Amino acid sequence: MAAHARWMYASALARTETRGMAKRLDFPAQDPGQHHHIVTGGLDRVWTRTEPLTTAPSAPATPAAPLKVAS
């Protein structure tokens with residue numbers, strides 16, 4: 001679990017934009033130039049690299065209608 005946490009932390013630092021729940025105060029918006037995968041690994045020395053996407057990013061999905069709760 002410690003290795004997984006280190007990989008997530010290194011990936012978050014390599015991503016210079018805000019995305020989803022990963023809010024960055026120094027980079028508050030999404031960057032269209034960051035449409036790539038961040039690959040990470042290593043145990044003693046954690047590394048990151050980028051790989052291009054194999055498909056184009058899709059348009060954001062339309063929000064679903066709120067569920068109605070029966071009383």
# chains A, B, ... in the order shown; residues from 1 in each chain; ligands from 1

$ residues_around --residues "Arg6 in chain A" --least-positions-apart "5" --cutoff "9 Å" --atoms "only C-alpha atoms" --output "JSON, numbers by chain"
{"A": [1, 11, 43, 46]}

$ write_last_selection --atoms "N, CA and C atoms" --output "PDB file, in the first residue's frame"
ATOM      1  N   MET A   1       0.825  -1.196   0.000  1.00  0.00           N
ATOM      2  CA  MET A   1       0.000   0.000   0.000  1.00  0.00           C
ATOM      3  C   MET A   1       0.867   1.257   0.000  1.00  0.00           C
ATOM      4  N   SER A  11       2.335  10.896  -9.346  1.00  0.00           N
ATOM      5  CA  SER A  11       1.489  11.189 -10.508  1.00  0.00           C
ATOM      6  C   SER A  11       0.741  12.501 -10.328  1.00  0.00           C
ATOM      7  N   LEU A  43      10.246   1.419  -6.986  1.00  0.00           N
ATOM      8  CA  LEU A  43      10.051   1.223  -5.551  1.00  0.00           C
ATOM      9  C   LEU A  43      10.995   2.112  -4.751  1.00  0.00           C
ATOM     10  N   VAL A  46      10.861   6.495  -7.290  1.00  0.00           N
ATOM     11  CA  VAL A  46       9.608   6.556  -8.045  1.00  0.00           C
ATOM     12  C   VAL A  46       9.818   7.423  -9.273  1.00  0.00           C
TER      13      VAL A  46
END

$ select_by_dssp --residues "range 4-70 of chain A" --states "helix (DSSP H, G or I)" --output "list in words"
His4, Ala5, Arg6, Trp7, Met8, Tyr9, Ala10, Ser11, Ala12, Leu13, Ala14, Pro32, Gly33 and Gln34 of chain A

$ atom_distance --atom1 "CA of Pro32 in chain A" --atom2 "CA of Ala5 in chain A"
26.3 Å

$ residues_around --residues "Arg45 in chain A" --least-positions-apart "4" --cutoff "12 Å" --atoms "only C-alpha atoms" --output "list in words"
Ala3, Arg6, Trp7, Ala10, Thr40 and Gly41 of chain A

$ write_last_selection --atoms "C-alpha atoms" --output "PDB file, in the first residue's frame"
ATOM      1  CA  ALA A   3       4.197   1.922  -2.892  1.00  0.00           C
ATOM      2  CA  ARG A   6       3.929   6.950  -3.491  1.00  0.00           C
ATOM      3  CA  TRP A   7       2.917   6.327  -7.125  1.00  0.00           C
ATOM      4  CA  ALA A  10       4.184  11.299  -7.807  1.00  0.00           C
ATOM      5  CA  THR A  40       4.506   5.682 -12.797  1.00  0.00           C
ATOM      6  CA  GLY A  41       6.595   2.969 -11.207  1.00  0.00           C
TER       7      GLY A  41
END

$ select_by_dssp --residues "chain A" --states "strand (DSSP E)" --output "ChimeraX atom specification"
/A:36-41,47-52

$ residues_around --residues "Phe27 in chain A" --least-positions-apart "3" --cutoff "12 Å" --atoms "only C-alpha atoms" --output "compact mmCIF listing (two decimals) with C-alpha atoms, in the first residue's frame"
# COMPACT_ATOMS: atom_id res chain seq x y z
CA ALA A 12 -0.47 14.00 -8.86
CA LEU A 13 2.64 16.18 -8.78
CA ALA A 14 3.35 15.43 -12.45
CA ARG A 15 -0.19 16.49 -13.47
CA THR A 16 -0.12 20.29 -13.65
CA GLU A 17 -3.87 20.81 -13.73
CA THR A 18 -6.97 20.35 -11.60
CA ARG A 19 -8.92 17.24 -12.54
CA ALA A 22 -7.37 16.32 -7.47
CA LYS A 23 -7.60 20.06 -6.80
CA ARG A 24 -4.41 22.05 -7.26
CA GLN A 30 -7.92 21.90 -16.70
CA ASP A 31 -5.23 22.10 -19.37

$ atom_distance --atom1 "CA of Pro52 in chain A" --atom2 "CA of Leu25 in chain A"
25.7 Å

$ atom_distance --atom1 "CA of Thr55 in chain A" --atom2 "CA of His37 in chain A"
11.2 Å
